[in-house]
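Chemist: Take a look at this one; I'll ask things after.
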Amino acid sequence: MRITLNKTEFNNFGVCLKEDGVYVCVSIPHLRKAGMNVYDIKTGKLYASIDFDEKFSTGDVYCLMIKGLDTKDKGYRFFDDTHSFVDKYASKIIGNEVYGRRVSKDDLYGGFVTKKLSEESALKLPYEDLVMYLVHPRGYTMANKNAKENKGTFEALSEKIKYFKSLGVNAIELMPVNEYIECPKAKGLSASEIARRYKDDLTMDNQKINYWGYDDAYHFAIKSSYGYKDASLEFSKFVSKLHDNKIECIVQMYYKETKDTDYIVSSLINMVTGYGVDGFRLLGNDLPINEIVKNPFLSNVKIMADNDFNNFQGMGEKYFHNLCFYNDQFMNRSRKFLKGDEDMVSYMSYALRENHRNVKVAHYITDYYGFTLNDLVSYNRKHNEANDENNEDGSSYNYSWNCGEEGPTAKRTILSLRKKQARNAMLMLMLGQAMPVIRGGDEILNSQNGNNNPYCQDNGIGWVDWSKSSLNTKFFNFTKNLIAFRRRHVILHQANELRLTDYLSCRIPDVSFHGEEAFRMNQDNDSREFAILFGGPYSRQYSKKTEESIYIAFNLHWEDRTFNLPMIDEKKEWKLLYSTDGSTDESFDEKNAITVKSDNFVAKGRTISIYIME
């Protein structure tokens with residue numbers, strides 16, 4: 001074996017196979033030595049040690065082409081004066097292919113692969129048209145009886161695309177898919193010391209599995225154990241198949257502590273050019289959002305961040321079109337409103353029309369953390385005992401209500417109320433202008449047994465339980481029909497910011513608010529009811545037809561309230577399309593709407609009702 005090294009031009013950091021050899025570019029701060037160790041993967045033995053001469057470097061950056069190196073069944077690590085380390089730009093990580101097996105960073109190698117550009121292009125669906133669906137790449141299919149050998153993989157997830165399509169969602173948000181160590185080795189610590197350090201959050205080197213994946217990661221590599229045979233290839237096929245079905249793929253990218261803006265931006269560009277993803281939900285502290293949304297390579301992909309859009313008012317409009325913000329404000333306050341807390345009307349009336357001109361917002365009632373929708377209406381308190389932290393982990397502020405009894409019950413009145421409350425919650429989510437995000441499994445009322453922090457539960461607690469999906473078919477159909485209703489009516493997801501005025505001179509504002517009296521909303525602290533009217537004529541801005549006006553009455557008080565329907569067109573009449581009081585079917589089919597014969601109607605306690613004008 002004769003290995004030769006030659007200096008070459010910079011073409012991104014990392015290692016990849018080229019026709020004329022192995023391209024290597026790495027930054028290695030050092031005093032005396034730097035280089036690459038190549039290992040035989042089958043035996044773990046050192047195959048070759050290659051020293052990098054200073055003539056191949058510019059500063060601390062080495063950029064060279066290696067010829068004559070046999071890379072079959074080989075892995076690599078870089079080294080400096082004191083230690084060896086895994087390439088953080090590696091396109092493949094070797095050594096963590098079996099999910100749940102204990103490994104350390106010392107057990108991992110970078111893989112020699114040929115980088116390929118994805119033929120996929122972002123779908124570029126407008127934010128206002130999206131209905132997002134959040135899933136864990138592994139846990140979504142682990143309990144699926146139809147997924148056998150390939151359960152917990154991208155291949156099994158691909159088999160659920162027909163299901164996504166039937167539900168009506170058109171964007172999938174994946175929890176972290178990059179390589180990370182879910183089961184770190186304990187490095188000789190005693191069990192008590194591991195427990196103490198974990199509780200004090202001093203180290204992740206403990207005996208619990210990191211099921212969610214929010215930790216240090218290799219952001220240029222796809223997680224090997226999420227593949228049935230080849231994770232990178234199967235993830236590419238999954239994205240492609242989503243695109244074939246007009247569904248976008250949004251991936252969460254978590255950056256634990258890195259302040260390296262170039263690394264973050266490069267890893268995002270790699271996911272776009274290498275896999276064709278449509279966007280990102282960025283997680284971590286002090287992320288360089290400004291630099292990310294300004295980057296021309298990312299101008300056509302969605303950038304979603306947990307933040308407040310007010311921090312970005314000075315950036316200029318041209319950087320806003322691909323930016324969307326997540327925050328817990330809607331989640332927490334809509335939960336309070338759902339259970340009948342006071343002083344929520346003012347916020348909820350604003351939230352349902354929230355649709356900023358420059359920045360989009362995401363609304364969700366459940367997220368990857370916290371209660372599922374089913375548990376939100378079934379538990380007053382968190383039940384995280386299975387996490388072995390004395391139920392001290394996870395938020396104690398869930399703003400939930402068990403409807404009369406904690407946890408599972410056979411009482412029909414409580415079960416009936418829970419089902420109504422779950423429907424009320426889904427209606428609040430889907431009938432606002434912001435982009436709705438549904439937690440995967442909520443449409444079949446999946447439960448985590450009251451655990452609001454199953455970060456370490458790679459089992460039935462953290463997985464979606466498909467065995468009970470047939471018991472909740474009615475709720476699935478309700479959700480599916482509601483999504484279809486939203487997508488049919490452009491006035492429920494408008495591209496423009498609503499103005500509360502009649503700017504089209506059609507004798508009705510684009511949006512208006514009402515209470516028990518038409519055009520007069522009661523925002524007193526003790527009010528728990530209001531109505532919102534979306535003007536149908538404003539659909540003409542987006543389509544060639546004029547839609548029906550839609551009036552939605554929210555009565556989250558436990559007592560009945562009488563509403564006065566606004567008279568906005570004497571030639572038309574109001575029809576009741578749907579109500580959670582059980583007086584209608586759940587088809588959301590406008591042909592089945594019931595004509596209203598009176599200007600007044602009684603909204604039963606804890607109900608939401610939808611009226612259309614025809």
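Chain labels A, B, ... are given in the sequence in which chains occur in the structure tokens; within each chain residues are numbered consecutively from 1, and ligands are likewise numbered from 1 in the order shown.
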What's around Ala603 in chain A at 8 Å? Count only C-alpha atoms, leave out sequence neighbours fewer than 5 positions away in its own chain, and write the answer as a count of residues only.
Modeler: 8
Chemist: Sort by chain and increasing residue number a table of all residues of range 129-170 of chain A within 12 Å of range 351-367 of chain A, each with its closest pair of atoms and their distance in Å to one decimal, counting only C-alpha atoms, and write it as JSON lines.
Modeler:
```
{"residue": "A:Asp129", "atom": "CA", "partner": "A:Lys360", "partner_atom": "CA", "distance": 11.6}
{"residue": "A:Leu130", "atom": "CA", "partner": "A:Ala362", "partner_atom": "CA", "distance": 10.0}
{"residue": "A:Val131", "atom": "CA", "partner": "A:Ala362", "partner_atom": "CA", "distance": 9.8}
{"residue": "A:Met132", "atom": "CA", "partner": "A:Ala362", "partner_atom": "CA", "distance": 9.0}
{"residue": "A:Tyr133", "atom": "CA", "partner": "A:Asp367", "partner_atom": "CA", "distance": 10.1}
{"residue": "A:Leu134", "atom": "CA", "partner": "A:Asp367", "partner_atom": "CA", "distance": 7.8}
{"residue": "A:Val135", "atom": "CA", "partner": "A:Asp367", "partner_atom": "CA", "distance": 9.8}
{"residue": "A:His136", "atom": "CA", "partner": "A:Asp367", "partner_atom": "CA", "distance": 11.2}
```
Chemist: Counting only C-alpha atoms, which residue out of A:Cys403, A:Ala410, A:Leu17, A:Ala495 sits closest to Tyr379 in chain A?
Modeler: A:Cys403
Chemist: Out of A:Lys246, A:Lys237, A:Lys229, A:Arg101, which residue has the shortest atom-to-atom distance to Ala171 in chain A when counting only C-alpha atoms?
Modeler: A:Lys246
Chemist: Let's see if you can do this: from backbone DSSP, list all strand (DSSP E) residues in range 386-506 of chain A, as a PyMOL selection string.
Modeler: chain A and resi 435-439
Chemist: Rank A:Lys575, A:Arg487, A:Lys115, A:Arg335 by their smallest atom-to-atom distance to Thr595 in chain A, using only C-alpha atoms, and report the top residue only.
Modeler: A:Lys575
Chemist: For Lys92 in chain A, list every protein, DNA or RNA residue within 7 Å, evaluated using only C-alpha atoms, and leave out those in the same chain fewer than 3 positions away; present the list as a tab-separated table (two decimals) with all heavy atoms, in the first residue's frame.
Modeler:
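selection07.tsv, written as the output of this step:
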```tsv
chain	number	residue	atom	x	y	z
A	110	GLY	N	-15.68	7.89	11.89
A	110	GLY	CA	-16.29	8.46	10.70
A	110	GLY	C	-16.25	7.44	9.59
A	110	GLY	O	-15.34	6.60	9.53
A	111	GLY	N	-17.21	7.48	8.69
A	111	GLY	CA	-17.26	6.54	7.58
A	111	GLY	C	-16.83	7.19	6.28
A	111	GLY	O	-17.10	8.38	6.04
A	221	ALA	N	-24.53	13.60	9.72
A	221	ALA	CA	-24.80	12.17	9.55
A	221	ALA	C	-26.21	11.84	10.01
A	221	ALA	O	-26.70	12.38	11.00
A	221	ALA	CB	-23.78	11.35	10.35
A	222	ILE	N	-26.86	10.93	9.29
A	222	ILE	CA	-28.19	10.43	9.68
A	222	ILE	C	-28.00	9.28	10.66
A	222	ILE	O	-27.08	8.46	10.51
A	222	ILE	CB	-28.96	9.95	8.43
A	222	ILE	CG1	-29.14	11.11	7.44
A	222	ILE	CG2	-30.32	9.39	8.82
A	222	ILE	CD1	-29.91	12.30	7.98
```
Chemist: Smallest atom-to-atom distance to Val26 in chain A: which of A:Ala90, A:Ala147, A:Leu5, A:Ala48, using only C-alpha atoms?
Modeler: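 Counting only C-alpha atoms, the residue closest to Val26 in chain A is A:Ala90.
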Chemist: Neighbouring residues of range 84-86 of chain A were defined as those with any atom within 12 Å, considering only C-alpha atoms; residues of the same chain fewer than 4 positions away were excluded. Please report them as number ranges by chain.
Modeler: A: 14-15, 26-28, 30, 33-38, 49, 75-80, 90-95, 104-111, 217-218, 221
Chemist: Keeping only N, CA and C atoms, write the selected residues as a short mmCIF file (atom, residue, chain, number, x, y, z; two decimals), in the first residue's frame.
Modeler:
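Once everything was written out, this is result-v4.cif:
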```cif
data_model
loop_
_atom_site.label_atom_id
_atom_site.label_comp_id
_atom_site.auth_asym_id
_atom_site.auth_seq_id
_atom_site.Cartn_x
_atom_site.Cartn_y
_atom_site.Cartn_z
N GLY A 14 -14.90 18.19 6.08
CA GLY A 14 -15.36 16.82 6.08
C GLY A 14 -14.46 15.92 5.26
N VAL A 15 -14.91 14.66 5.12
CA VAL A 15 -14.18 13.64 4.38
C VAL A 15 -15.14 12.98 3.41
N VAL A 26 -10.16 19.44 7.52
CA VAL A 26 -10.45 19.42 8.95
C VAL A 26 -9.66 20.52 9.64
N SER A 27 -10.24 21.06 10.69
CA SER A 27 -9.53 22.03 11.52
C SER A 27 -9.01 21.29 12.76
N ILE A 28 -7.67 21.33 12.94
CA ILE A 28 -7.05 20.64 14.08
C ILE A 28 -6.07 21.59 14.76
N HIS A 30 -3.25 22.43 17.15
CA HIS A 30 -2.24 21.53 17.69
C HIS A 30 -0.92 22.26 17.84
N LYS A 33 1.70 17.71 16.32
CA LYS A 33 1.27 16.71 15.35
C LYS A 33 -0.25 16.75 15.14
N ALA A 34 -0.63 16.32 13.95
CA ALA A 34 -2.04 16.22 13.58
C ALA A 34 -2.13 15.19 12.46
N GLY A 35 -3.25 14.50 12.39
CA GLY A 35 -3.39 13.51 11.33
C GLY A 35 -4.65 12.70 11.44
N MET A 36 -4.66 11.59 10.72
CA MET A 36 -5.83 10.72 10.63
C MET A 36 -5.41 9.28 10.91
N ASN A 37 -6.15 8.61 11.79
CA ASN A 37 -6.00 7.17 11.99
C ASN A 37 -7.13 6.46 11.27
N VAL A 38 -6.76 5.43 10.53
CA VAL A 38 -7.74 4.63 9.79
C VAL A 38 -7.80 3.25 10.43
N SER A 49 -1.90 4.97 10.06
CA SER A 49 -1.84 6.25 10.74
C SER A 49 -1.17 7.24 9.79
N GLY A 75 -12.92 2.83 8.86
CA GLY A 75 -13.42 4.04 9.49
C GLY A 75 -12.23 4.90 9.89
N TYR A 76 -12.49 6.14 10.24
CA TYR A 76 -11.38 7.04 10.54
C TYR A 76 -11.69 7.90 11.76
N ARG A 77 -10.61 8.34 12.40
CA ARG A 77 -10.64 9.33 13.46
C ARG A 77 -9.47 10.27 13.25
N PHE A 78 -9.62 11.52 13.59
CA PHE A 78 -8.51 12.47 13.55
C PHE A 78 -7.78 12.46 14.88
N PHE A 79 -6.56 12.93 14.88
CA PHE A 79 -5.81 13.04 16.14
C PHE A 79 -5.00 14.32 16.16
N ASP A 80 -4.70 14.77 17.38
CA ASP A 80 -3.81 15.90 17.59
C ASP A 80 -2.75 15.50 18.61
N ALA A 90 -18.49 14.43 9.74
CA ALA A 90 -18.59 13.12 9.09
C ALA A 90 -19.99 12.90 8.51
N SER A 91 -20.05 12.39 7.29
CA SER A 91 -21.34 12.11 6.64
C SER A 91 -21.95 10.80 7.11
N LYS A 92 -21.13 9.99 7.76
CA LYS A 92 -21.61 8.72 8.31
C LYS A 92 -20.84 8.43 9.58
N ILE A 93 -21.54 7.98 10.60
CA ILE A 93 -20.91 7.58 11.86
C ILE A 93 -21.04 6.08 12.01
N ILE A 94 -19.93 5.43 12.27
CA ILE A 94 -19.89 3.97 12.43
C ILE A 94 -19.69 3.64 13.90
N GLY A 95 -20.47 2.65 14.39
CA GLY A 95 -20.28 2.19 15.76
C GLY A 95 -21.51 2.29 16.64
N SER A 104 -19.53 4.83 23.68
CA SER A 104 -18.97 6.13 24.01
C SER A 104 -18.42 6.73 22.72
N LYS A 105 -18.00 7.98 22.78
CA LYS A 105 -17.42 8.60 21.60
C LYS A 105 -16.16 7.88 21.15
N ASP A 106 -15.48 7.20 22.10
CA ASP A 106 -14.27 6.46 21.75
C ASP A 106 -14.57 5.23 20.89
N ASP A 107 -15.85 4.80 20.86
CA ASP A 107 -16.23 3.62 20.07
C ASP A 107 -16.63 3.98 18.65
N LEU A 108 -16.67 5.26 18.33
CA LEU A 108 -17.21 5.71 17.05
C LEU A 108 -16.11 6.07 16.06
N TYR A 109 -16.45 5.92 14.79
CA TYR A 109 -15.56 6.30 13.69
C TYR A 109 -16.37 7.07 12.65
N GLY A 110 -15.68 7.89 11.89
CA GLY A 110 -16.29 8.46 10.70
C GLY A 110 -16.25 7.44 9.59
N GLY A 111 -17.21 7.48 8.69
CA GLY A 111 -17.26 6.54 7.58
C GLY A 111 -16.83 7.19 6.28
N ALA A 217 -24.65 16.04 18.88
CA ALA A 217 -24.95 15.21 17.72
C ALA A 217 -23.93 15.45 16.63
N TYR A 218 -23.90 14.51 15.69
CA TYR A 218 -23.13 14.67 14.47
C TYR A 218 -24.12 15.07 13.38
N ALA A 221 -24.53 13.60 9.72
CA ALA A 221 -24.80 12.17 9.55
C ALA A 221 -26.21 11.84 10.01
#
```
Chemist: How many Å separate CA of Ser378 in chain A from CA of Leu338 in chain A?
Modeler: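 So the two atoms, CA of Ser378 in chain A and CA of Leu338 in chain A, lie 13.0 Å apart.
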Chemist: Interatomic distance between CA of Ser334 in chain A and CA of Thr607 in chain A?
Modeler: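 Rounded to one decimal, the two atoms are 14.1 Å apart.
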Chemist: Glu54 in chain A: which residues within 12 Å, counting only C-alpha atoms, same-chain residues fewer than 2 positions away excluded, as a list in words?
Modeler: Leu5, Asn6, Lys7, Ile28, Pro29, His30, Leu31, Arg32, Lys33, Ala34, Gly35, Asp51, Phe52, Phe56, Ser57, Thr58, Gly59, Asp60, Val61, Tyr62, Cys63 and Leu64 of chain A
Chemist: Would you save the residues from that selection as a compact mmCIF listing (two decimals), in the first residue's frame, using C-alpha atoms?
Modeler:
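selection-v3.txt, freshly written:
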```txt
# COMPACT_ATOMS: atom_id res chain seq x y z
CA LEU A 5 -0.90 13.15 0.14
CA ASN A 6 -1.39 16.33 -1.86
CA LYS A 7 -2.66 19.75 -0.91
CA ILE A 28 -7.05 20.64 14.08
CA PRO A 29 -5.55 23.10 16.58
CA HIS A 30 -2.24 21.53 17.69
CA LEU A 31 1.37 22.15 18.68
CA ARG A 32 3.38 19.29 17.15
CA LYS A 33 1.27 16.71 15.35
CA ALA A 34 -2.04 16.22 13.58
CA GLY A 35 -3.39 13.51 11.33
CA ASP A 51 0.46 12.33 9.66
CA PHE A 52 -0.53 15.67 8.16
CA PHE A 56 -1.13 20.96 3.79
CA SER A 57 -2.46 23.51 6.26
CA THR A 58 -3.63 27.09 6.24
CA GLY A 59 -3.70 28.12 9.87
CA ASP A 60 -5.29 25.18 11.68
CA VAL A 61 -7.18 23.97 8.59
CA TYR A 62 -5.78 21.00 6.70
CA CYS A 63 -7.11 20.48 3.20
CA LEU A 64 -5.66 17.58 1.23
```
